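The file structure-v9.cif comes next; it holds mmCIF, C-alpha atoms.
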```
data_work
#
loop_
_atom_site.group_PDB
_atom_site.id
_atom_site.type_symbol
_atom_site.label_atom_id
_atom_site.label_comp_id
_atom_site.auth_asym_id
_atom_site.auth_seq_id
_atom_site.Cartn_x
_atom_site.Cartn_y
_atom_site.Cartn_z
ATOM 1 C CA MET D 1 25.938 -2.603 2.587
ATOM 2 C CA SER D 2 23.989 -3.580 -0.541
ATOM 3 C CA HIS D 3 20.451 -2.552 -1.378
ATOM 4 C CA VAL D 4 18.150 -4.869 -3.313
ATOM 5 C CA ARG D 5 15.112 -3.265 -4.884
ATOM 6 C CA SER D 6 11.970 -5.289 -5.420
ATOM 7 C CA ILE D 7 8.484 -4.486 -6.593
ATOM 8 C CA ALA D 8 5.451 -6.327 -5.234
ATOM 9 C CA VAL D 9 2.132 -6.322 -7.063
ATOM 10 C CA ARG D 10 -1.253 -7.682 -6.026
ATOM 11 C CA ALA D 11 -2.874 -9.200 -9.132
ATOM 12 C CA PRO D 12 -6.661 -9.721 -8.858
ATOM 13 C CA ALA D 13 -8.734 -12.558 -10.275
ATOM 14 C CA LYS D 14 -11.830 -11.961 -12.396
ATOM 15 C CA VAL D 15 -15.310 -13.384 -12.645
ATOM 16 C CA ASN D 16 -17.375 -13.280 -15.831
ATOM 17 C CA LEU D 17 -20.815 -11.921 -15.021
ATOM 18 C CA GLN D 18 -21.726 -12.649 -18.640
ATOM 19 C CA LEU D 19 -19.935 -14.944 -21.057
ATOM 20 C CA GLY D 20 -21.580 -15.137 -24.461
ATOM 21 C CA VAL D 21 -19.720 -17.366 -26.918
ATOM 22 C CA GLY D 22 -20.122 -16.963 -30.659
ATOM 23 C CA GLY D 23 -18.621 -18.972 -33.494
ATOM 24 C CA ARG D 24 -14.995 -19.888 -34.090
ATOM 25 C CA ARG D 25 -13.071 -17.361 -36.161
ATOM 26 C CA ASP D 26 -10.502 -18.166 -38.843
ATOM 27 C CA ASP D 27 -7.721 -17.422 -36.316
ATOM 28 C CA GLY D 28 -9.075 -20.096 -33.944
ATOM 29 C CA TYR D 29 -10.533 -17.691 -31.392
ATOM 30 C CA HIS D 30 -14.250 -17.309 -30.692
ATOM 31 C CA GLU D 31 -16.262 -14.102 -30.788
ATOM 32 C CA LEU D 32 -17.135 -13.251 -27.196
ATOM 33 C CA ALA D 33 -19.400 -10.932 -25.255
ATOM 34 C CA SER D 34 -17.949 -10.856 -21.759
ATOM 35 C CA ILE D 35 -18.685 -8.685 -18.760
ATOM 36 C CA PHE D 36 -15.698 -8.868 -16.437
ATOM 37 C CA LEU D 37 -15.486 -7.977 -12.761
ATOM 38 C CA ALA D 38 -12.157 -7.893 -10.919
ATOM 39 C CA VAL D 39 -12.386 -9.344 -7.401
ATOM 40 C CA SER D 40 -10.271 -9.268 -4.266
ATOM 41 C CA LEU D 41 -8.972 -12.835 -4.564
ATOM 42 C CA CYS D 42 -5.395 -12.045 -5.599
ATOM 43 C CA ASP D 43 -1.997 -13.488 -6.380
ATOM 44 C CA ARG D 44 1.022 -11.525 -5.150
ATOM 45 C CA ILE D 45 3.844 -11.089 -7.648
ATOM 46 C CA THR D 46 7.266 -9.985 -6.394
ATOM 47 C CA LEU D 47 9.889 -8.926 -8.934
ATOM 48 C CA THR D 48 13.521 -8.496 -7.959
ATOM 49 C CA ALA D 49 16.478 -7.491 -10.111
ATOM 50 C CA ALA D 50 18.668 -10.525 -10.879
ATOM 51 C CA ASP D 51 21.331 -11.715 -13.308
ATOM 52 C CA GLU D 52 18.824 -13.778 -15.299
ATOM 53 C CA LEU D 53 15.113 -14.457 -15.560
ATOM 54 C CA ARG D 54 13.986 -16.948 -12.947
ATOM 55 C CA VAL D 55 10.503 -17.970 -11.752
ATOM 56 C CA THR D 56 9.567 -19.381 -8.362
ATOM 57 C CA VAL D 57 6.060 -20.246 -7.203
ATOM 58 C CA GLY D 58 4.671 -20.653 -3.691
ATOM 59 C CA GLY D 59 1.404 -20.340 -1.838
ATOM 60 C CA PRO D 60 -1.639 -22.612 -1.553
ATOM 61 C CA GLY D 61 -2.286 -22.733 -5.297
ATOM 62 C CA ALA D 62 1.277 -23.450 -6.428
ATOM 63 C CA VAL D 63 0.718 -27.065 -7.531
ATOM 64 C CA GLY D 64 0.722 -27.324 -11.309
ATOM 65 C CA VAL D 65 2.026 -23.806 -11.962
ATOM 66 C CA PRO D 66 5.149 -23.915 -14.175
ATOM 67 C CA ALA D 67 8.306 -22.420 -12.669
ATOM 68 C CA ASP D 68 10.152 -21.898 -15.945
ATOM 69 C CA GLY D 69 10.049 -19.818 -19.096
ATOM 70 C CA SER D 70 6.664 -21.219 -20.114
ATOM 71 C CA ASN D 71 4.996 -19.371 -17.228
ATOM 72 C CA ILE D 72 2.990 -16.495 -18.707
ATOM 73 C CA ALA D 73 4.465 -14.076 -16.163
ATOM 74 C CA ALA D 74 7.949 -14.953 -17.436
ATOM 75 C CA ARG D 75 6.749 -14.438 -21.007
ATOM 76 C CA ALA D 76 5.412 -11.028 -19.970
ATOM 77 C CA VAL D 77 8.837 -10.046 -18.580
ATOM 78 C CA GLU D 78 10.547 -11.193 -21.781
ATOM 79 C CA LEU D 79 8.066 -9.355 -23.999
ATOM 80 C CA LEU D 80 8.454 -6.079 -22.106
ATOM 81 C CA ALA D 81 12.263 -6.407 -22.028
ATOM 82 C CA LYS D 82 12.357 -7.047 -25.783
ATOM 83 C CA LYS D 83 10.161 -4.023 -26.487
ATOM 84 C CA CYS D 84 12.439 -1.778 -24.436
ATOM 85 C CA GLY D 85 15.764 -3.312 -25.482
ATOM 86 C CA LEU D 86 16.566 -4.569 -21.985
ATOM 87 C CA HIS D 87 17.998 -7.759 -20.539
ATOM 88 C CA PRO D 88 15.194 -9.646 -18.730
ATOM 89 C CA GLY D 89 17.195 -10.133 -15.540
ATOM 90 C CA VAL D 90 14.406 -10.536 -12.988
ATOM 91 C CA ARG D 91 13.460 -13.031 -10.336
ATOM 92 C CA VAL D 92 9.685 -13.461 -10.475
ATOM 93 C CA HIS D 93 8.096 -14.964 -7.373
ATOM 94 C CA ILE D 94 4.391 -15.804 -7.548
ATOM 95 C CA ASP D 95 2.493 -16.286 -4.296
ATOM 96 C CA LYS D 96 -0.394 -18.246 -5.803
ATOM 97 C CA HIS D 97 -3.931 -17.959 -4.414
ATOM 98 C CA ILE D 98 -6.107 -17.765 -7.562
ATOM 99 C CA PRO D 99 -7.272 -21.279 -8.565
ATOM 100 C CA VAL D 100 -5.346 -22.916 -11.415
ATOM 101 C CA GLN D 101 -7.558 -23.879 -14.395
ATOM 102 C CA GLY D 102 -10.433 -22.344 -12.490
ATOM 103 C CA GLY D 103 -11.695 -19.854 -15.075
ATOM 104 C CA MET D 104 -10.630 -16.843 -12.990
ATOM 105 C CA ALA D 105 -7.699 -15.763 -15.205
ATOM 106 C CA GLY D 106 -5.009 -16.485 -12.630
ATOM 107 C CA GLY D 107 -2.286 -16.787 -15.252
ATOM 108 C CA SER D 108 -3.456 -13.614 -16.967
ATOM 109 C CA ALA D 109 -3.436 -11.808 -13.614
ATOM 110 C CA ASP D 110 0.177 -12.901 -13.066
ATOM 111 C CA ALA D 111 1.147 -11.658 -16.523
ATOM 112 C CA ALA D 112 -0.530 -8.300 -15.918
ATOM 113 C CA GLY D 113 1.194 -8.038 -12.542
ATOM 114 C CA ALA D 114 4.552 -8.803 -14.155
ATOM 115 C CA LEU D 115 4.048 -6.077 -16.768
ATOM 116 C CA VAL D 116 3.131 -3.467 -14.167
ATOM 117 C CA GLY D 117 5.870 -4.615 -11.789
ATOM 118 C CA CYS D 118 8.672 -4.612 -14.348
ATOM 119 C CA ASP D 119 7.570 -1.226 -15.675
ATOM 120 C CA ALA D 120 8.103 0.092 -12.137
ATOM 121 C CA LEU D 121 11.230 -1.975 -11.381
ATOM 122 C CA TRP D 122 12.966 -0.783 -14.545
ATOM 123 C CA LYS D 123 11.554 2.772 -14.162
ATOM 124 C CA LEU D 124 10.223 2.728 -17.711
ATOM 125 C CA GLY D 125 7.222 4.973 -17.130
ATOM 126 C CA LEU D 126 5.177 3.358 -19.875
ATOM 127 C CA GLY D 127 1.565 4.442 -20.173
ATOM 128 C CA ARG D 128 -1.355 2.057 -19.837
ATOM 129 C CA PRO D 129 -2.043 2.098 -23.624
ATOM 130 C CA GLU D 130 1.469 0.712 -24.267
ATOM 131 C CA LEU D 131 1.091 -1.919 -21.551
ATOM 132 C CA MET D 132 -2.378 -2.793 -22.860
ATOM 133 C CA ALA D 133 -0.961 -3.485 -26.319
ATOM 134 C CA LEU D 134 1.577 -5.894 -24.806
ATOM 135 C CA ALA D 135 -1.137 -7.473 -22.663
ATOM 136 C CA ALA D 136 -3.217 -8.253 -25.762
ATOM 137 C CA GLU D 137 -0.229 -10.053 -27.288
ATOM 138 C CA LEU D 138 0.024 -12.305 -24.234
ATOM 139 C CA GLY D 139 -3.592 -13.477 -24.030
ATOM 140 C CA SER D 140 -7.258 -12.578 -24.346
ATOM 141 C CA ASP D 141 -7.834 -12.023 -20.597
ATOM 142 C CA VAL D 142 -4.596 -10.156 -19.867
ATOM 143 C CA PRO D 143 -5.882 -6.686 -20.926
ATOM 144 C CA PHE D 144 -8.745 -6.849 -18.429
ATOM 145 C CA SER D 145 -6.453 -8.280 -15.745
ATOM 146 C CA LEU D 146 -4.295 -5.195 -16.297
ATOM 147 C CA GLN D 147 -7.244 -2.803 -16.188
ATOM 148 C CA GLY D 148 -9.343 -4.171 -13.314
ATOM 149 C CA GLY D 149 -12.669 -2.739 -12.220
ATOM 150 C CA ALA D 150 -15.547 -3.783 -14.445
ATOM 151 C CA ALA D 151 -15.639 -3.837 -18.234
ATOM 152 C CA PHE D 152 -17.324 -5.276 -21.277
ATOM 153 C CA GLY D 153 -14.983 -7.292 -23.508
ATOM 154 C CA SER D 154 -15.700 -7.950 -27.177
ATOM 155 C CA GLY D 155 -13.732 -9.599 -29.980
ATOM 156 C CA ARG D 156 -11.861 -12.390 -28.229
ATOM 157 C CA GLY D 157 -12.342 -10.434 -24.989
ATOM 158 C CA GLU D 158 -9.449 -8.012 -25.442
ATOM 159 C CA ARG D 159 -11.447 -4.969 -26.666
ATOM 160 C CA LEU D 160 -12.636 -3.337 -23.453
ATOM 161 C CA THR D 161 -15.277 -0.784 -22.526
ATOM 162 C CA VAL D 162 -15.253 0.386 -18.902
ATOM 163 C CA LEU D 163 -18.557 -0.152 -17.070
ATOM 164 C CA PRO D 164 -19.905 1.767 -14.060
ATOM 165 C CA VAL D 165 -20.617 -0.143 -10.844
ATOM 166 C CA GLY D 166 -23.120 1.188 -8.321
ATOM 167 C CA ALA D 167 -22.224 -0.934 -5.308
ATOM 168 C CA THR D 168 -19.692 -3.424 -3.988
ATOM 169 C CA THR D 169 -20.658 -7.019 -4.709
ATOM 170 C CA HIS D 170 -19.873 -9.932 -2.388
ATOM 171 C CA TRP D 171 -18.816 -13.370 -3.579
ATOM 172 C CA VAL D 172 -17.864 -16.868 -2.529
ATOM 173 C CA PHE D 173 -15.663 -18.837 -4.940
ATOM 174 C CA ALA D 174 -15.755 -22.616 -4.599
ATOM 175 C CA THR D 175 -12.781 -24.434 -6.092
ATOM 176 C CA ALA D 176 -13.364 -27.870 -7.521
ATOM 177 C CA GLY D 177 -10.148 -29.667 -6.653
ATOM 178 C CA PHE D 178 -9.638 -30.271 -10.379
ATOM 179 C CA GLY D 179 -9.167 -28.059 -13.409
ATOM 180 C CA LEU D 180 -10.945 -27.754 -16.722
ATOM 181 C CA SER D 181 -8.940 -27.022 -19.861
ATOM 182 C CA THR D 182 -10.294 -23.948 -21.644
ATOM 183 C CA PRO D 183 -9.552 -25.384 -25.136
ATOM 184 C CA ALA D 184 -11.273 -28.644 -24.168
ATOM 185 C CA VAL D 185 -14.440 -26.850 -23.012
ATOM 186 C CA PHE D 186 -14.604 -24.740 -26.179
ATOM 187 C CA ALA D 187 -13.989 -27.846 -28.297
ATOM 188 C CA GLU D 188 -16.844 -29.662 -26.561
ATOM 189 C CA GLN D 189 -19.180 -26.740 -27.161
ATOM 190 C CA GLU D 190 -18.252 -26.801 -30.846
ATOM 191 C CA ARG D 191 -18.773 -30.577 -31.009
ATOM 192 C CA ARG D 192 -22.249 -30.174 -29.520
ATOM 193 C CA ARG D 193 -23.133 -27.462 -32.025
ATOM 194 C CA ARG D 194 -21.942 -29.578 -34.949
ATOM 195 C CA SER D 195 -23.698 -32.740 -33.778
ATOM 196 C CA ALA D 196 -26.950 -30.779 -33.475
ATOM 197 C CA GLY D 197 -26.531 -29.512 -37.049
ATOM 198 C CA ARG D 198 -26.149 -25.931 -35.858
ATOM 199 C CA PRO D 199 -23.713 -23.297 -37.204
ATOM 200 C CA TRP D 200 -20.375 -23.235 -35.395
ATOM 201 C CA THR D 201 -18.193 -20.689 -37.216
ATOM 202 C CA ALA D 202 -18.164 -16.920 -36.763
ATOM 203 C CA ARG D 203 -19.564 -16.583 -40.272
ATOM 204 C CA GLY D 204 -22.595 -18.657 -39.329
ATOM 205 C CA ILE D 205 -23.340 -17.295 -35.851
ATOM 206 C CA PRO D 206 -24.088 -13.618 -35.085
ATOM 207 C CA SER D 207 -21.635 -12.064 -32.665
ATOM 208 C CA PRO D 208 -22.981 -12.269 -29.093
ATOM 209 C CA ARG D 209 -24.148 -8.996 -27.567
ATOM 210 C CA MET D 210 -23.681 -7.326 -24.229
ATOM 211 C CA SER D 211 -26.518 -7.947 -21.768
ATOM 212 C CA ARG D 212 -28.184 -4.575 -21.205
ATOM 213 C CA LYS D 213 -30.125 -6.004 -18.254
ATOM 214 C CA LEU D 214 -26.874 -6.980 -16.558
ATOM 215 C CA VAL D 215 -25.139 -3.674 -17.301
ATOM 216 C CA ASP D 216 -28.089 -1.709 -15.903
ATOM 217 C CA ALA D 217 -28.192 -3.854 -12.737
ATOM 218 C CA LEU D 218 -24.444 -3.422 -12.243
ATOM 219 C CA ALA D 219 -24.642 0.352 -12.654
ATOM 220 C CA ALA D 220 -27.622 0.629 -10.307
ATOM 221 C CA GLY D 221 -26.018 -1.521 -7.622
ATOM 222 C CA ASP D 222 -29.094 -3.768 -7.710
ATOM 223 C CA THR D 223 -27.699 -7.077 -6.464
ATOM 224 C CA GLY D 224 -30.972 -8.960 -6.911
ATOM 225 C CA ALA D 225 -31.326 -7.904 -10.540
ATOM 226 C CA LEU D 226 -27.660 -8.677 -11.098
ATOM 227 C CA ALA D 227 -28.177 -12.206 -9.748
ATOM 228 C CA ASP D 228 -31.056 -12.741 -12.175
ATOM 229 C CA ALA D 229 -28.937 -11.568 -15.116
ATOM 230 C CA LEU D 230 -25.772 -13.656 -14.582
ATOM 231 C CA HIS D 231 -25.178 -15.934 -17.578
ATOM 232 C CA ASN D 232 -22.393 -18.152 -18.941
ATOM 233 C CA ASP D 233 -22.838 -19.984 -22.263
ATOM 234 C CA LEU D 234 -20.138 -22.479 -21.259
ATOM 235 C CA GLU D 235 -21.815 -23.594 -18.032
ATOM 236 C CA PRO D 236 -24.005 -26.329 -19.601
ATOM 237 C CA VAL D 237 -20.965 -27.638 -21.473
ATOM 238 C CA ALA D 238 -18.673 -27.707 -18.425
ATOM 239 C CA THR D 239 -21.303 -29.300 -16.186
ATOM 240 C CA SER D 240 -21.885 -32.007 -18.801
ATOM 241 C CA MET D 241 -18.145 -32.726 -18.734
ATOM 242 C CA ARG D 242 -18.027 -32.638 -14.912
ATOM 243 C CA PRO D 243 -21.529 -33.299 -13.508
ATOM 244 C CA ASP D 244 -20.216 -32.883 -9.962
ATOM 245 C CA LEU D 245 -20.155 -29.124 -10.588
ATOM 246 C CA THR D 246 -23.963 -29.232 -10.598
ATOM 247 C CA ALA D 247 -23.925 -30.378 -6.971
ATOM 248 C CA THR D 248 -21.647 -27.462 -6.075
ATOM 249 C CA LEU D 249 -23.995 -24.990 -7.765
ATOM 250 C CA ARG D 250 -27.001 -26.463 -5.970
ATOM 251 C CA THR D 251 -25.298 -26.476 -2.568
ATOM 252 C CA GLY D 252 -24.314 -22.814 -2.776
ATOM 253 C CA THR D 253 -27.757 -21.585 -3.770
ATOM 254 C CA ASP D 254 -29.438 -23.820 -1.165
ATOM 255 C CA ALA D 255 -27.133 -22.220 1.424
ATOM 256 C CA GLY D 256 -28.463 -18.771 0.608
ATOM 257 C CA ALA D 257 -26.475 -17.456 -2.346
ATOM 258 C CA LEU D 258 -28.492 -15.221 -4.660
ATOM 259 C CA ALA D 259 -27.063 -17.005 -7.693
ATOM 260 C CA GLY D 260 -24.219 -19.270 -8.769
ATOM 261 C CA ILE D 261 -22.264 -19.128 -11.999
ATOM 262 C CA LEU D 262 -19.383 -21.053 -13.492
ATOM 263 C CA CYS D 263 -16.262 -18.859 -13.660
ATOM 264 C CA GLY D 264 -15.199 -18.643 -17.299
ATOM 265 C CA SER D 265 -14.650 -22.149 -18.629
ATOM 266 C CA GLY D 266 -14.470 -23.521 -15.062
ATOM 267 C CA ALA D 267 -13.895 -25.299 -12.847
ATOM 268 C CA THR D 268 -14.368 -22.705 -10.073
ATOM 269 C CA VAL D 269 -17.956 -21.742 -9.247
ATOM 270 C CA GLY D 270 -18.769 -18.197 -8.125
ATOM 271 C CA PHE D 271 -21.682 -17.398 -5.821
ATOM 272 C CA LEU D 272 -23.108 -13.892 -5.603
ATOM 273 C CA VAL D 273 -24.308 -13.178 -2.064
ATOM 274 C CA SER D 274 -26.049 -10.289 -0.368
ATOM 275 C CA ASP D 275 -23.313 -9.313 2.103
ATOM 276 C CA GLY D 276 -20.209 -10.453 3.974
ATOM 277 C CA HIS D 277 -22.167 -12.263 6.670
ATOM 278 C CA ARG D 278 -24.034 -14.351 4.095
ATOM 279 C CA ALA D 279 -20.726 -15.031 2.348
ATOM 280 C CA ARG D 280 -19.343 -16.656 5.494
ATOM 281 C CA THR D 281 -22.462 -18.805 5.867
ATOM 282 C CA VAL D 282 -22.368 -19.953 2.241
ATOM 283 C CA ALA D 283 -18.631 -20.703 2.424
ATOM 284 C CA GLU D 284 -19.103 -22.808 5.573
ATOM 285 C CA GLU D 285 -21.982 -24.775 4.007
ATOM 286 C CA LEU D 286 -19.997 -25.445 0.852
ATOM 287 C CA LEU D 287 -16.989 -26.697 2.783
ATOM 288 C CA SER D 288 -19.029 -28.924 5.089
ATOM 289 C CA SER D 289 -20.943 -30.414 2.133
ATOM 290 C CA GLY D 290 -17.825 -31.862 0.528
ATOM 291 C CA THR D 291 -18.875 -30.501 -2.877
ATOM 292 C CA CYS D 292 -15.802 -28.276 -3.200
ATOM 293 C CA ALA D 293 -12.129 -28.363 -2.273
ATOM 294 C CA SER D 294 -11.973 -24.840 -0.851
ATOM 295 C CA ALA D 295 -14.085 -21.697 -0.590
ATOM 296 C CA HIS D 296 -12.813 -18.130 -0.854
ATOM 297 C CA ILE D 297 -14.691 -14.999 0.211
ATOM 298 C CA ALA D 298 -14.084 -11.950 -1.971
ATOM 299 C CA CYS D 299 -15.645 -8.695 -3.129
ATOM 300 C CA GLY D 300 -15.527 -6.577 -6.237
ATOM 301 C CA PRO D 301 -14.833 -4.536 -8.153
ATOM 302 C CA VAL D 302 -11.205 -3.901 -7.270
ATOM 303 C CA PRO D 303 -8.555 -1.995 -9.262
ATOM 304 C CA GLY D 304 -6.008 -3.628 -11.515
ATOM 305 C CA PRO D 305 -2.412 -4.284 -10.384
ATOM 306 C CA GLU D 306 -0.566 -1.461 -8.667
ATOM 307 C CA PRO D 307 3.155 -1.611 -7.773
ATOM 308 C CA GLU D 308 4.511 -1.353 -4.245
ATOM 309 C CA GLU D 309 8.245 -0.776 -3.811
ATOM 310 C CA ILE D 310 10.186 -2.920 -1.363
ATOM 311 C CA ILE D 311 13.845 -2.245 -0.545
ATOM 312 C CA THR D 312 15.844 -4.747 1.472
ATOM 313 C CA THR D 313 19.337 -4.122 2.805
ATOM 314 C CA GLY D 314 22.009 -6.776 3.243
ATOM 315 C CA GLU D 315 25.748 -7.146 3.727
ATOM 316 C CA ASN D 316 28.098 -6.946 0.760
#
```
Show this structure as structure tokens.
Amino acid sequence: MSHVRSIAVRAPAKVNLQLGVGGRRDDGYHELASIFLAVSLCDRITLTAADELRVTVGGPGAVGVPADGSNIAARAVELLAKKCGLHPGVRVHIDKHIPVQGGMAGGSADAAGALVGCDALWKLGLGRPELMALAAELGSDVPFSLQGGAAFGSGRGERLTVLPVGATTHWVFATAGFGLSTPAVFAEQERRRRSAGRPWTARGIPSPRMSRKLVDALAAGDTGALADALHNDLEPVATSMRPDLTATLRTGTDAGALAGILCGSGATVGFLVSDGHRARTVAEELLSSGTCASAHIACGPVPGPEPEEIITTGEN
């Protein structure tokens, strides 16, 4: 009999409760003030020892996700293997549920899940600081995807400060049926700033600051105050590029959501609701309106990825 050891990891999506966007830095990134919340809409990453690195993708969100070495989860495996002097012989299977190009850091979640999963699969025992350093090399959202919970992100979003949360929040996430390219949305924001004769570099724009009103509402568990404080600098830009997102935002709030906000650079729209019952009502109204492709009910905060060992037994 042979025993095959696998590690499965649930990798949560995120929503930006605040996204303040400053000017473009010399390295091409923008200064950000971002308040992240990890939510229960998750991908499931399964990592199995193999002769070589291989990626497979399934699930309802699999369309458009690369199944080769360009996948950020594969790059995470290679980066960790290189750091530890190992051969990256792993089969990575991604069961995809987080929207692609939806602003919910689905790729970053997969990368974080791959780091945590391979650390367990290879029995490396690395600490979170070491994994965090690798996460920052992979992308701006990967450190928070690794950490989970709630946090304020500064710099390009990778410098994190943990935030307290006083109550569980309930959400409905409406997918658009199309994606928005993050570089394209940032480029459009910069074009608008330039055409208006406004500063557009980090030297000309003060770094955005954390919203104290939002942090206080989050810590107090005051959902109403939290709804009033949600803000995303990229929302006017994304809705100008895709005006149909405005109809989605209007439909969700008309259905009883406390507030709607574009997730990151879009195109998913998140709706903060009072409870699980209201979430079901809002999701049903969104789906029946035809203003979204799908609607997902979730809550947050949730922890970052945690490994679960799976051992299967087969014949030699």
Run the PyMOL selection byres ((chain D and resi 172-187) around 8) mentally over the shown coordinates, then write out the matched residues as a ChimeraX atom specification, using the chain letters and numbers from the document. /D:99-103,170-171,188-191,234,237-238,245,248,265-273,279,282-283,286,291-298
Would you compute an axis-aligned box for segment 96-102 of chain D, covering every atom listed for it in the file with 4 Å of margin on each side, and report centre and edge lengths in Å to one decimal as lines of an AutoDock Vina configuration file?
```
center_x = -5.4
center_y = -20.8
center_z = -9.4
size_x = 18.0
size_y = 14.1
size_z = 18.0
```
Using only C-alpha atoms, find each residue in segment 9-68 of chain D having at least one atom no more than 10 Å away from segment 117-130 of chain D; report its shortest atom-to-atom pair and that distance in Å (one decimal), rows by chain then rising number, as a Markdown table.
```
| residue | atom | partner | partner_atom | distance |
| --- | --- | --- | --- | --- |
| D:Val9 | CA | D:Gly117 | CA | 6.3 |
| D:Arg10 | CA | D:Gly117 | CA | 9.7 |
| D:Ile45 | CA | D:Gly117 | CA | 7.9 |
| D:Thr46 | CA | D:Gly117 | CA | 7.7 |
| D:Leu47 | CA | D:Gly117 | CA | 6.5 |
| D:Thr48 | CA | D:Leu121 | CA | 7.7 |
| D:Ala49 | CA | D:Leu121 | CA | 7.7 |
```
Write out, as a short mmCIF file (atom, residue, chain, number, x, y, z; two decimals), in the frame of the given file, the residues just selected, with C-alpha atoms.
```cif
data_model
loop_
_atom_site.label_atom_id
_atom_site.label_comp_id
_atom_site.auth_asym_id
_atom_site.auth_seq_id
_atom_site.Cartn_x
_atom_site.Cartn_y
_atom_site.Cartn_z
CA VAL D 9 2.13 -6.32 -7.06
CA ARG D 10 -1.25 -7.68 -6.03
CA ILE D 45 3.84 -11.09 -7.65
CA THR D 46 7.27 -9.98 -6.39
CA LEU D 47 9.89 -8.93 -8.93
CA THR D 48 13.52 -8.50 -7.96
CA ALA D 49 16.48 -7.49 -10.11
#
```
So how far away is atom CA of Leu37 of chain D from atom CA of Ala151 of chain D, in Å? 6.9 Å
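Near Val302 of chain D, within 12 Å and counting all atoms listed in the file, sit Arg10, Ala11, Pro12, Ala13, Lys14, Val15, Phe36, Leu37, Ala38, Val39, Ser40, Leu41, Cys42, Phe144, Ser145, Leu146, Gln147, Gly148, Gly149, Ala150, Ala151, Val165, Ala167, Thr168, Thr169 and His170 of chain D, not including residues fewer than 6 positions from it in the same chain.
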If we count all atoms listed in the file, what is near Ala225 of chain D at a cut-off of 12 Å, once residues fewer than 4 positions away on the same chain are taken out, given as a PyMOL selection string? chain D and resi 212-221+229-230+258-259+272+274
What would the selection look like, as JSON, numbers by chain, if the PyMOL selection byres ((chain D and resi 23) around 9) were run on the coordinates I just shared? {"D": [21, 22, 24, 25, 29, 30, 31, 32, 190, 199, 200, 201, 202, 203, 204, 205, 206, 207]}
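In this structure, atom CA of Pro208 of chain D sits 27.2 Å away from atom CA of Ala111 of chain D.
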Which residue, D:Gly300, D:Gly224, D:Gly260, D:Pro60, has the smallest gap to Gly276 of chain D when you use all atoms listed in the file? D:Gly300
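Using the PyMOL selection byres ((chain D and resi 55) around 7) on the file at hand returns these residues: Leu53, Arg54, Thr56, Val57, Ala67, Asp68, Ala74, Arg91, Val92 and His93 of chain D.
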Within 6 Å of file point (-19.5, -9.7, -19.1), counting only C-alpha atoms, expressed as a ChimeraX atom specification: /D:16-19,34-36,152
Write the selection just made, keeping C-alpha atoms, as a JSON list (two decimals), keeping the file's coordinate frame?
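The resulting file, selection06.json, is reproduced below:
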```json
[["chain", "number", "residue", "atom", "x", "y", "z"],
["D", 16, "ASN", "CA", -17.38, -13.28, -15.83],
["D", 17, "LEU", "CA", -20.82, -11.92, -15.02],
["D", 18, "GLN", "CA", -21.73, -12.65, -18.64],
["D", 19, "LEU", "CA", -19.93, -14.94, -21.06],
["D", 34, "SER", "CA", -17.95, -10.86, -21.76],
["D", 35, "ILE", "CA", -18.68, -8.68, -18.76],
["D", 36, "PHE", "CA", -15.70, -8.87, -16.44],
["D", 152, "PHE", "CA", -17.32, -5.28, -21.28]]
```
Pick from D:Thr223, D:Ser108, D:Ser195, D:Ser211: nearest to Gly153 of chain D, with all atoms listed in the file counted? D:Ser211
Could you complete segment 75-84 of chain D so that it carries N, CA and C atoms, and give it back as a compact mmCIF listing (two decimals), in the coordinates of the input?
```txt
# COMPACT_ATOMS: atom_id res chain seq x y z
N ARG D 75 6.89 -14.91 -19.62
CA ARG D 75 6.75 -14.44 -21.01
C ARG D 75 6.44 -12.95 -21.05
N ALA D 76 5.70 -12.46 -20.04
CA ALA D 76 5.41 -11.03 -19.97
C ALA D 76 6.68 -10.23 -19.73
N VAL D 77 7.55 -10.71 -18.85
CA VAL D 77 8.84 -10.05 -18.58
C VAL D 77 9.67 -10.00 -19.86
N GLU D 78 9.74 -11.14 -20.55
CA GLU D 78 10.55 -11.19 -21.78
C GLU D 78 10.00 -10.26 -22.86
N LEU D 79 8.68 -10.21 -22.98
CA LEU D 79 8.07 -9.36 -24.00
C LEU D 79 8.34 -7.89 -23.71
N LEU D 80 8.20 -7.47 -22.46
CA LEU D 80 8.45 -6.08 -22.11
C LEU D 80 9.93 -5.74 -22.28
N ALA D 81 10.82 -6.65 -21.87
CA ALA D 81 12.26 -6.41 -22.03
C ALA D 81 12.63 -6.25 -23.51
N LYS D 82 12.07 -7.13 -24.35
CA LYS D 82 12.36 -7.05 -25.78
C LYS D 82 11.89 -5.73 -26.37
N LYS D 83 10.70 -5.28 -25.98
CA LYS D 83 10.16 -4.02 -26.49
C LYS D 83 11.07 -2.86 -26.13
N CYS D 84 11.65 -2.91 -24.92
CA CYS D 84 12.44 -1.78 -24.44
C CYS D 84 13.94 -1.96 -24.61
```
